[in-house]
$ cat target-v3.txt   # compact mmCIF, C-alpha atoms
# COMPACT_ATOMS: atom_id res chain seq x y z
CA MET A 1 -3.15 -23.34 -3.44
CA SER A 2 -6.24 -21.80 -4.98
CA LYS A 3 -6.49 -20.39 -8.48
CA LEU A 4 -6.45 -16.88 -6.99
CA PHE A 5 -2.83 -16.04 -7.72
CA PRO A 6 -2.57 -17.27 -11.35
CA GLU A 7 -5.85 -15.55 -12.17
CA LEU A 8 -4.83 -12.37 -10.41
CA ARG A 9 -1.52 -12.40 -12.29
CA GLU A 10 -3.29 -12.70 -15.66
CA ARG A 11 -5.75 -9.98 -14.75
CA LEU A 12 -3.07 -7.51 -13.64
CA LEU A 13 -0.90 -8.17 -16.68
CA LEU A 14 -3.86 -7.77 -19.03
CA ALA A 15 -4.66 -4.46 -17.32
CA GLY A 16 -1.16 -3.23 -18.13
CA VAL A 17 0.52 -3.53 -14.71
CA ALA A 18 4.27 -4.00 -15.22
CA PRO A 19 5.42 -7.62 -14.68
CA ARG A 20 7.93 -6.69 -11.96
CA HIS A 21 5.20 -5.00 -9.89
CA VAL A 22 2.89 -7.98 -10.42
CA ARG A 23 5.62 -10.39 -9.30
CA ARG A 24 6.33 -8.46 -6.13
CA TYR A 25 2.65 -7.95 -5.29
CA LEU A 26 1.93 -11.67 -5.65
CA ALA A 27 5.00 -12.61 -3.63
CA GLU A 28 3.93 -10.37 -0.76
CA LEU A 29 0.34 -11.60 -0.96
CA ALA A 30 1.59 -15.19 -0.76
CA GLU A 31 3.69 -14.38 2.31
CA HIS A 32 0.71 -12.59 3.87
CA LEU A 33 -1.52 -15.56 3.14
CA ALA A 34 0.97 -17.90 4.86
CA ASP A 35 0.93 -15.66 7.94
CA LEU A 36 -2.87 -15.55 7.99
CA THR A 37 -3.10 -19.32 7.63
CA ALA A 38 -0.64 -19.82 10.49
CA GLU A 39 -2.65 -17.42 12.65
CA GLU A 40 -5.90 -19.25 11.96
CA ILE A 41 -4.31 -22.65 12.67
CA ALA A 42 -2.95 -21.26 15.95
CA ALA A 43 -6.51 -20.16 16.76
CA GLY A 44 -7.62 -23.80 16.57
CA ARG A 45 -8.87 -24.29 13.00
CA ASN A 46 -7.83 -27.22 10.85
CA ARG A 47 -5.69 -26.48 7.79
CA ALA A 48 -8.52 -26.48 5.23
CA GLU A 49 -10.64 -24.12 7.30
CA ALA A 50 -7.66 -21.94 8.09
CA GLU A 51 -6.82 -21.57 4.39
CA SER A 52 -10.40 -20.67 3.51
CA VAL A 53 -10.57 -18.02 6.21
CA ALA A 54 -7.13 -16.71 5.23
CA PHE A 55 -8.26 -16.27 1.62
CA LEU A 56 -11.37 -14.41 2.77
CA ARG A 57 -9.31 -12.10 4.94
CA LEU A 58 -6.81 -11.44 2.19
CA GLY A 59 -9.53 -10.01 -0.06
CA ASP A 60 -11.40 -11.11 -3.14
CA MET A 61 -10.03 -11.04 -6.65
CA ASP A 62 -11.82 -7.83 -7.68
CA GLU A 63 -10.66 -5.94 -4.62
CA LEU A 64 -7.05 -7.09 -4.92
CA ALA A 65 -6.89 -6.40 -8.65
CA ARG A 66 -8.57 -3.01 -8.45
CA ALA A 67 -6.23 -1.80 -5.71
CA MET A 68 -3.24 -2.39 -7.96
CA ILE A 69 -4.75 -1.35 -11.29
CA GLU A 70 -5.91 2.00 -9.88
CA GLN A 71 -2.28 2.90 -9.10
CA ARG A 72 -1.39 4.15 -12.55
CA GLN A 73 2.29 4.55 -11.72
CA PHE A 74 2.59 0.75 -11.79
CA GLN A 75 1.54 0.55 -15.43
CA SER A 76 4.22 -0.65 -17.82
CA TRP A 77 5.52 1.51 -20.65
CA SER A 78 4.02 -0.86 -23.17
CA ALA A 79 0.58 -0.14 -21.67
CA ARG A 80 1.12 3.58 -21.15
CA ALA A 81 2.77 4.38 -24.49
CA PRO A 82 2.60 1.39 -26.86
CA TRP A 83 3.41 3.64 -29.83
CA ALA A 84 6.76 4.46 -28.20
CA MET A 85 7.47 0.89 -27.11
CA PHE A 86 6.57 -0.82 -30.39
CA GLY A 87 6.98 2.00 -32.92
CA LEU A 88 9.74 4.34 -31.84
CA ALA A 89 11.88 2.05 -29.66
CA PRO A 90 12.49 -0.71 -32.28
CA PHE A 91 13.33 1.94 -34.86
CA LEU A 92 15.79 3.68 -32.54
CA LEU A 93 17.26 0.40 -31.29
CA LEU A 94 17.85 -0.84 -34.80
CA ALA A 95 19.22 2.52 -35.93
CA GLY A 96 21.59 2.54 -32.95
CA CYS A 97 22.85 -1.01 -33.55
CA TRP A 98 23.37 -0.38 -37.24
CA SER A 99 25.22 2.87 -36.53
CA VAL A 100 27.67 0.86 -34.44
CA ALA A 101 27.96 -1.80 -37.17
CA LEU A 102 28.60 0.85 -39.84
CA PHE A 103 31.20 2.53 -37.65
CA ILE A 104 32.99 -0.81 -37.23
CA LEU A 105 32.94 -1.31 -41.00
CA TRP A 106 34.24 2.19 -41.71
CA SER A 107 36.92 2.17 -38.99
CA GLY A 108 38.05 -1.35 -39.99
CA TRP A 109 38.35 -0.19 -43.57
CA GLN A 110 40.55 2.73 -42.52
CA ALA A 111 42.64 0.68 -40.11
CA PHE A 112 43.11 -2.67 -41.90
CA LEU A 113 42.37 -2.03 -45.60
CA PRO A 114 43.53 1.51 -46.36
CA GLU A 115 44.40 0.67 -49.97
CA ALA A 116 41.18 -1.14 -50.81
CA THR A 117 38.41 0.65 -52.71
CA THR A 118 35.84 -1.16 -50.54
CA PRO A 119 35.99 -3.34 -47.40
CA LEU A 120 33.09 -5.49 -48.63
CA GLY A 121 34.02 -8.88 -50.07
CA VAL A 122 37.73 -8.59 -49.21
CA ARG A 123 39.42 -11.55 -47.47
CA VAL A 124 41.04 -10.58 -44.17
CA HIS A 125 42.64 -12.61 -41.37
CA GLY A 126 43.42 -12.42 -37.67
CA ILE A 127 42.32 -9.37 -35.69
CA ALA A 128 40.94 -7.66 -38.80
CA ASN A 129 38.71 -10.64 -39.48
CA LEU A 130 37.43 -10.66 -35.90
CA TYR A 131 36.77 -6.94 -36.05
CA PHE A 132 34.76 -7.13 -39.28
CA GLN A 133 32.89 -10.24 -38.09
CA LEU A 134 31.83 -8.35 -34.95
CA GLY A 135 30.33 -5.60 -37.08
CA LYS A 136 28.63 -8.15 -39.31
CA ALA A 137 27.16 -9.99 -36.32
CA ILE A 138 25.71 -6.75 -34.97
CA TYR A 139 24.35 -5.81 -38.38
CA LEU A 140 22.67 -9.17 -39.00
CA GLY A 141 21.68 -9.98 -35.45
CA ALA A 142 20.10 -6.63 -34.54
CA PRO A 143 16.78 -7.02 -36.45
CA ILE A 144 16.25 -10.61 -35.26
CA LEU A 145 17.07 -9.81 -31.65
CA THR A 146 14.93 -6.68 -31.76
CA GLY A 147 12.03 -8.70 -33.16
CA TRP A 148 12.40 -11.37 -30.50
CA PHE A 149 12.63 -8.67 -27.86
CA ILE A 150 9.28 -7.28 -29.06
CA GLY A 151 7.79 -10.79 -28.88
CA VAL A 152 9.05 -11.32 -25.33
CA ILE A 153 7.68 -7.97 -24.15
CA ALA A 154 4.32 -8.67 -25.79
CA ALA A 155 4.12 -12.15 -24.30
CA ARG A 156 5.15 -11.07 -20.80
CA GLN A 157 2.65 -8.23 -20.87
CA ARG A 158 -0.20 -10.29 -22.42
CA LEU A 159 -0.63 -7.61 -25.07
CA LYS A 160 -3.11 -7.72 -27.90
CA THR A 161 -1.52 -8.41 -31.27
CA LEU A 162 -1.89 -4.97 -32.90
CA TRP A 163 1.07 -3.07 -31.44
CA PRO A 164 3.56 -5.96 -31.41
CA ALA A 165 2.62 -6.68 -35.03
CA ALA A 166 3.29 -3.06 -35.93
CA GLY A 167 6.68 -3.21 -34.22
CA LEU A 168 7.59 -6.47 -35.93
CA ALA A 169 6.55 -5.03 -39.31
CA ILE A 170 8.80 -2.00 -38.79
CA VAL A 171 11.74 -4.25 -37.89
CA ALA A 172 11.07 -6.56 -40.86
CA TRP A 173 10.82 -3.64 -43.27
CA MET A 174 14.05 -2.05 -42.01
CA GLY A 175 15.89 -5.36 -41.93
CA GLY A 176 14.58 -6.56 -45.29
CA THR A 177 15.16 -3.41 -47.27
CA GLY A 178 18.32 -2.06 -45.63
CA GLN A 179 21.42 -1.97 -47.83
CA VAL A 180 24.96 -0.92 -46.94
CA HIS A 181 27.04 1.05 -49.44
CA THR A 182 30.73 1.92 -49.42
CA PHE A 183 32.35 4.34 -51.80
CA LEU A 184 35.27 6.64 -52.34
CA ALA A 185 34.37 10.24 -53.08
CA ALA A 186 37.34 10.45 -55.50
CA PRO A 187 39.58 7.67 -56.88
CA ALA A 188 42.70 9.07 -55.20
CA GLN A 189 40.99 9.62 -51.91
CA ARG A 190 42.04 7.30 -49.10
CA ALA A 191 39.19 7.91 -46.65
CA GLY A 192 36.07 6.15 -47.86
CA HIS A 193 32.46 6.63 -46.94
CA VAL A 194 29.94 4.15 -45.61
CA SER A 195 26.20 4.75 -45.95
CA MET A 196 22.92 2.91 -45.81
CA ASN A 197 19.58 3.17 -47.57
CA PHE A 198 16.33 1.24 -47.70
CA VAL A 199 15.31 -0.20 -51.06
CA LEU A 200 12.31 -2.43 -51.65
CA GLY A 201 13.46 -3.40 -55.16
CA SER A 202 11.89 -3.17 -58.58
CA LEU A 203 8.26 -4.20 -58.94
CA GLY A 204 8.77 -4.86 -62.65
CA HIS A 205 10.62 -8.16 -62.15
CA GLY A 206 8.31 -10.21 -59.95
CA ILE A 207 8.37 -9.98 -56.19
CA PRO A 208 10.93 -7.37 -55.08
CA ASP A 209 13.94 -8.73 -53.19
CA GLY A 210 13.38 -6.32 -50.32
CA LEU A 211 9.85 -7.60 -49.82
CA VAL A 212 11.02 -11.24 -49.82
CA HIS A 213 13.75 -10.44 -47.31
CA ALA A 214 11.25 -8.54 -45.14
CA LEU A 215 8.81 -11.47 -45.17
CA VAL A 216 11.57 -13.95 -44.28
CA LEU A 217 12.70 -11.74 -41.43
CA LEU A 218 9.10 -11.25 -40.29
CA SER A 219 8.54 -15.00 -40.12
CA ILE A 220 11.79 -15.54 -38.17
CA THR A 221 11.03 -12.79 -35.65
CA THR A 222 7.35 -13.66 -35.30
CA PHE A 223 7.90 -17.39 -34.79
CA PRO A 224 8.57 -17.35 -31.00
CA TYR A 225 5.62 -14.99 -30.45
CA ILE A 226 3.27 -17.27 -32.41
CA VAL A 227 4.50 -20.32 -30.47
CA TRP A 228 3.83 -18.50 -27.21
CA HIS A 229 0.36 -17.47 -28.41
CA LEU A 230 -0.53 -21.05 -29.33
CA ARG A 231 0.78 -22.42 -26.03
CA ASN A 232 -1.10 -19.75 -24.08
CA ALA A 233 -4.32 -20.46 -25.96
CA HIS A 234 -3.87 -24.18 -25.28
CA ARG A 235 -3.20 -23.52 -21.58
CA LEU A 236 -6.26 -21.28 -21.21
CA ALA A 237 -8.41 -23.83 -23.07
CA MET B 1 2.86 13.10 -17.31
CA SER B 2 0.02 10.84 -16.50
CA PHE B 3 -2.64 11.89 -14.05
CA GLY B 4 -1.53 9.39 -11.45
CA TYR B 5 2.00 10.69 -11.40
CA MET B 6 0.95 14.37 -11.17
CA ASP B 7 -1.51 13.57 -8.43
CA ALA B 8 1.17 11.80 -6.44
CA LEU B 9 3.63 14.61 -7.13
CA LEU B 10 1.26 17.34 -5.98
CA ARG B 11 0.44 15.44 -2.85
CA PHE B 12 4.09 14.95 -2.22
CA LEU B 13 4.78 18.66 -2.68
CA HIS B 14 2.54 19.36 0.34
CA LEU B 15 -0.23 21.26 -1.39
CA PRO B 16 -3.19 20.09 0.67
CA LEU B 17 -5.30 23.21 0.19
CA ARG B 18 -4.64 24.11 -3.41
CA LEU B 19 -7.48 26.25 -4.72
CA THR B 20 -8.46 25.63 -8.30
CA PHE B 21 -11.19 27.21 -10.35
CA ARG B 22 -13.31 24.80 -12.23
CA SER B 23 -16.50 25.18 -14.18
CA VAL B 24 -19.18 23.07 -12.50
CA PRO B 25 -22.83 22.62 -13.48
CA VAL B 26 -25.43 24.23 -11.25
CA THR B 27 -29.10 23.56 -11.82
CA CYS B 28 -31.29 26.66 -12.03
CA HIS B 29 -34.44 25.86 -10.03
CA THR B 30 -36.75 28.21 -11.93
CA THR B 31 -35.93 26.97 -15.42
CA ASN B 32 -34.45 23.57 -14.51
CA HIS B 33 -31.57 24.25 -16.93
CA LYS B 34 -28.01 23.50 -16.08
CA VAL B 35 -25.80 26.59 -16.03
CA TYR B 36 -22.07 26.65 -15.51
CA SER B 37 -20.27 28.84 -13.04
CA SER B 38 -16.69 29.17 -11.91
CA VAL B 39 -16.40 28.29 -8.28
CA ALA B 40 -13.45 27.64 -6.08
CA ILE B 41 -13.07 24.00 -5.16
CA ARG B 42 -10.66 22.66 -2.59
CA GLU B 43 -9.64 19.91 -4.92
CA THR B 44 -7.17 18.09 -2.71
CA ASN B 45 -8.98 18.60 0.54
CA PRO B 46 -9.25 14.94 1.53
CA ASN B 47 -12.68 13.45 1.09
CA PHE B 48 -12.80 11.63 4.39
CA MET B 49 -11.30 8.15 3.96
CA ASN B 50 -8.96 9.31 1.20
CA GLY B 51 -5.42 9.30 2.61
CA VAL B 52 -6.30 7.47 5.83
CA PRO B 53 -4.41 4.24 4.98
CA GLU B 54 -1.32 6.31 4.13
CA LEU B 55 -1.55 8.20 7.39
CA LEU B 56 -1.97 5.06 9.48
CA ILE B 57 0.80 3.19 7.71
CA LEU B 58 3.29 6.04 7.99
CA ARG B 59 2.44 6.52 11.66
CA LEU B 60 2.93 2.84 12.46
CA ILE B 61 6.12 2.40 10.52
CA GLN B 62 7.61 5.57 11.95
CA GLN B 63 7.88 3.80 15.30
CA GLN B 64 9.49 0.63 13.96
CA GLU B 65 10.01 -1.10 10.63
CA MET B 66 7.29 -3.59 9.79
CA TYR B 67 6.17 -6.01 7.08
CA GLY B 68 2.72 -6.03 5.50
CA TYR B 69 1.04 -8.58 7.77
CA GLU B 70 2.32 -6.81 10.88
CA ILE B 71 1.05 -3.47 9.60
CA VAL B 72 -2.47 -4.76 9.01
CA GLN B 73 -2.64 -6.45 12.41
CA ALA B 74 -1.30 -3.33 14.12
CA ILE B 75 -3.88 -1.09 12.42
CA ARG B 76 -6.63 -3.45 13.50
CA SER B 77 -5.49 -3.71 17.11
CA ARG B 78 -4.64 -0.03 17.63
CA THR B 79 -7.89 1.24 16.16
CA GLY B 80 -9.94 -1.34 18.03
CA ALA B 81 -10.93 -2.82 14.65
CA VAL B 82 -12.89 0.38 13.89
CA ILE B 83 -10.62 0.91 10.89
CA SER B 84 -9.98 -2.35 9.14
CA VAL B 85 -8.33 -2.15 5.73
CA GLY B 86 -8.62 -5.05 3.28
CA GLU B 87 -5.54 -7.08 4.13
CA GLY B 88 -4.19 -7.62 0.64
CA VAL B 89 -4.86 -4.11 -0.58
CA VAL B 90 -2.33 -2.67 1.83
CA TYR B 91 0.49 -3.64 -0.57
CA PRO B 92 -0.38 -1.28 -3.44
CA VAL B 93 -0.45 1.55 -0.87
CA LEU B 94 2.95 0.47 0.48
CA HIS B 95 4.40 0.20 -3.02
CA ALA B 96 3.04 3.62 -3.97
CA LEU B 97 4.53 5.19 -0.84
CA GLU B 98 7.85 3.51 -1.60
CA ARG B 99 7.76 4.79 -5.16
CA ALA B 100 7.02 8.30 -3.90
CA GLY B 101 10.11 8.07 -1.68
CA ALA B 102 8.17 8.04 1.59
CA LEU B 103 9.10 4.45 2.47
CA ARG B 104 12.14 2.25 2.04
CA ALA B 105 11.72 -1.50 1.48
CA LYS B 106 14.28 -4.13 2.39
CA ARG B 107 14.03 -7.91 2.26
CA LYS B 108 15.15 -9.55 5.48
CA THR B 109 15.15 -13.09 6.79
CA ILE B 110 14.11 -13.36 10.42
CA ASN B 111 13.43 -16.71 12.14
CA GLY B 112 13.77 -18.47 8.80
CA ARG B 113 11.06 -16.34 7.12
CA SER B 114 12.01 -13.96 4.35
CA ARG B 115 9.86 -10.84 4.25
CA ILE B 116 9.94 -7.30 2.92
CA TYR B 117 10.24 -4.82 5.76
CA TYR B 118 9.25 -1.18 5.32
CA SER B 119 10.73 1.84 7.08
CA VAL B 120 10.00 5.56 6.81
CA THR B 121 12.39 7.90 4.99
CA PRO B 122 12.92 11.57 5.96
CA ALA B 123 10.54 12.51 3.12
CA GLY B 124 8.00 10.09 4.59
CA SER B 125 8.32 11.74 8.00
CA ARG B 126 7.57 15.13 6.46
CA ARG B 127 4.61 13.67 4.64
CA LEU B 128 3.33 12.13 7.85
CA GLN B 129 3.56 15.48 9.60
CA ASP B 130 1.55 17.16 6.84
CA LEU B 131 -1.08 14.44 6.78
CA SER B 132 -1.34 14.50 10.58
CA GLU B 133 -1.90 18.27 10.63
CA THR B 134 -4.52 18.07 7.91
CA TRP B 135 -6.39 15.26 9.62
CA SER B 136 -6.12 16.83 13.07
CA SER B 137 -7.72 20.03 11.82
CA MET B 138 -10.41 18.03 10.00
CA ALA B 139 -11.15 15.94 13.08
CA SER B 140 -11.26 19.03 15.25
CA ALA B 141 -13.71 20.73 12.89
CA ILE B 142 -15.97 17.69 12.80
CA ARG B 143 -15.81 17.32 16.59
CA ASP B 144 -16.85 20.94 16.97
CA MET B 145 -19.73 20.40 14.57
CA LEU B 146 -20.94 17.33 16.40
CA GLY B 147 -20.52 19.07 19.73
CA GLY B 148 -22.78 21.94 18.62
CA GLN B 149 -20.13 24.68 18.61
CA ASN B 150 -20.01 27.24 15.79
CA VAL B 151 -23.41 26.10 14.55
CA GLU B 152 -25.61 28.99 13.52
CA ALA B 153 -29.38 28.78 13.37
CA VAL B 154 -30.59 28.08 9.88
CA PRO B 155 -33.64 30.19 8.93

$ encode --input "target-v3.txt" --output "structure tokens"
Amino acid sequence: MSKLFPELRERLLLAGVAPRHVRRYLAELAEHLADLTAEEIAAGRNRAEAESVAFLRLGDMDELARAMIEQRQFQSWSARAPWAMFGLAPFLLLAGCWSVALFILWSGWQAFLPEATTPLGVRVHGIANLYFQLGKAIYLGAPILTGWFIGVIAARQRLKTLWPAAGLAIVAWMGGTGQVHTFLAAPAQRAGHVSMNFVLGSLGHGIPDGLVHALVLLSITTFPYIVWHLRNAHRLA
Amino acid sequence: MSFGYMDALLRFLHLPLRLTFRSVPVTCHTTNHKVYSSVAIRETNPNFMNGVPELLILRLIQQQEMYGYEIVQAIRSRTGAVISVGEGVVYPVLHALERAGALRAKRKTINGRSRIYYSVTPAGSRRLQDLSETWSSMASAIRDMLGGQNVEAVP
């Protein structure tokens, strides 16, 4: 098999064509090539000649790539609107996941710990424990999974580093500086409140905690993307 | 909306002779300066080969469902190889027609070979009819021109 298909794949992905369209295009081209080769063999050529002629009939790289790239409806969202994919989407995804986590915390507090002044740091067992652990898993896992998701999209789409880096920075900042608060509006009040804010920390006492947390999170979420980048560079070299 | 989407949408809405006013440069012969004037341009009036692959593909698949290789061979044989599209580039056209709702794609295994077969949808049939009418009138006009009819003496 010639280098046509791997090169065409790279070229289409770099031009912003969505991976699913690239996959299908290449699959159909491969099937077409098999048919052309069979036709040429039936016409009396040997296999090597038949394959050469089949490749010529299929079209050259420029022609095949241009035909697909010119169809703008096959562009991926990350190519059409990278600001939405790597700026808005991670923010909304994280906000959505954390809303669910905060709701679990608040509803668990009302259901399992109605007398407690806060659900944070209280030992619970059984169903209550499972319920709170679910909320905690969503809260902690959301930034990491969102960051990895950005890395996967960027790697699949062969994107330049700028937009994925911006997305990862947003996730790291939100994850590193986010803090959950619970409070009762009045001491006698049974229904508590749960809220969240983003605090970097004081600059007067060395490196702020929020910044350290953000950098740790950034390194965790960026790691798979960096590994992919190094492997890809090695493969291309 | 991106240009590509709007373009496909307008085509799909059967607006082959949409008149738009656009400012185009016209060179003034006496001063050799470019001046701009508003003139009516038939923007979507097909510029000859534009739309031909679509028309041929829809016409072929209307008769029976086909896969890409079959389509290319059929175009070649039925046009006596006068119209010969690049074999691989037929797929973006097929995918665009499918995305526009004019074709339906289905993977089938026949004689041990798995292939994607395309068939025309009702929307595709309407599109074929529109394209056929447009191209028939174009061909008729060109035939008349070549045949010498409706040609006035130029002073």

$ closest_atom_pairs --input "target-v3.txt" --of "chain B" --to "chain A" --cutoff "6 Å" --atoms "all atoms listed in the file" --output "Markdown table"
| residue | atom | partner | partner_atom | distance |
| --- | --- | --- | --- | --- |
| B:Gly4 | CA | A:Arg72 | CA | 5.4 |
| B:Tyr69 | CA | A:His32 | CA | 5.6 |
| B:Glu87 | CA | A:Leu58 | CA | 4.9 |
| B:Gly88 | CA | A:Leu58 | CA | 4.9 |
| B:Val89 | CA | A:Leu64 | CA | 5.7 |
| B:Pro92 | CA | A:Met68 | CA | 5.5 |

$ residues_around --input "target-v3.txt" --residues "region 173-184 of chain A" --least-positions-apart "3" --cutoff "7 Å" --atoms "all atoms listed in the file" --output "list in words"
Thr117, Thr118, Pro143, Ala169, Ile170, Pro187, Gln189, Gly192, His193, Val194, Ser195, Met196, Asn197, Phe198, Val199, Leu200, Gly210, Leu211, His213, Ala214 and Leu217 of chain A

$ closest_residue --input "target-v3.txt" --among "B:Arg143, B:Ile57, B:Gln62, B:Glu133" --to "Ala74 (chain B)" --atoms "all atoms listed in the file"
B:Ile57

$ atom_distance --input "target-v3.txt" --atom1 "CA of Leu14 (chain A)" --atom2 "CA of Thr221 (chain A)"
22.9 Å

$ closest_residue --input "target-v3.txt" --among "A:Thr146, A:Asn232, A:Ser202, A:Gln157" --to "Ile220 (chain A)" --atoms "all atoms listed in the file"
A:Thr146

$ atom_distance --input "target-v3.txt" --atom1 "CA of Asp130 (chain B)" --atom2 "CA of Gln73 (chain B)"
24.6 Å

$ residues_around --input "target-v3.txt" --residues "Arg59 (chain B)" --least-positions-apart "2" --cutoff "12 Å" --atoms "only C-alpha atoms" --output "JSON, numbers by chain"
{"B": [52, 53, 54, 55, 56, 57, 61, 62, 63, 64, 65, 66, 71, 74, 75, 78, 102, 103, 119, 120, 124, 125, 126, 127, 128, 129, 130, 131, 132]}

$ atom_distance --input "target-v3.txt" --atom1 "CA of Asn129 (chain A)" --atom2 "CA of Ser107 (chain A)"
12.9 Å

$ closest_residue --input "target-v3.txt" --among "A:Thr222, A:Pro114, A:Ala128, A:Leu159" --to "Leu145 (chain A)" --atoms "all atoms listed in the file"
A:Thr222
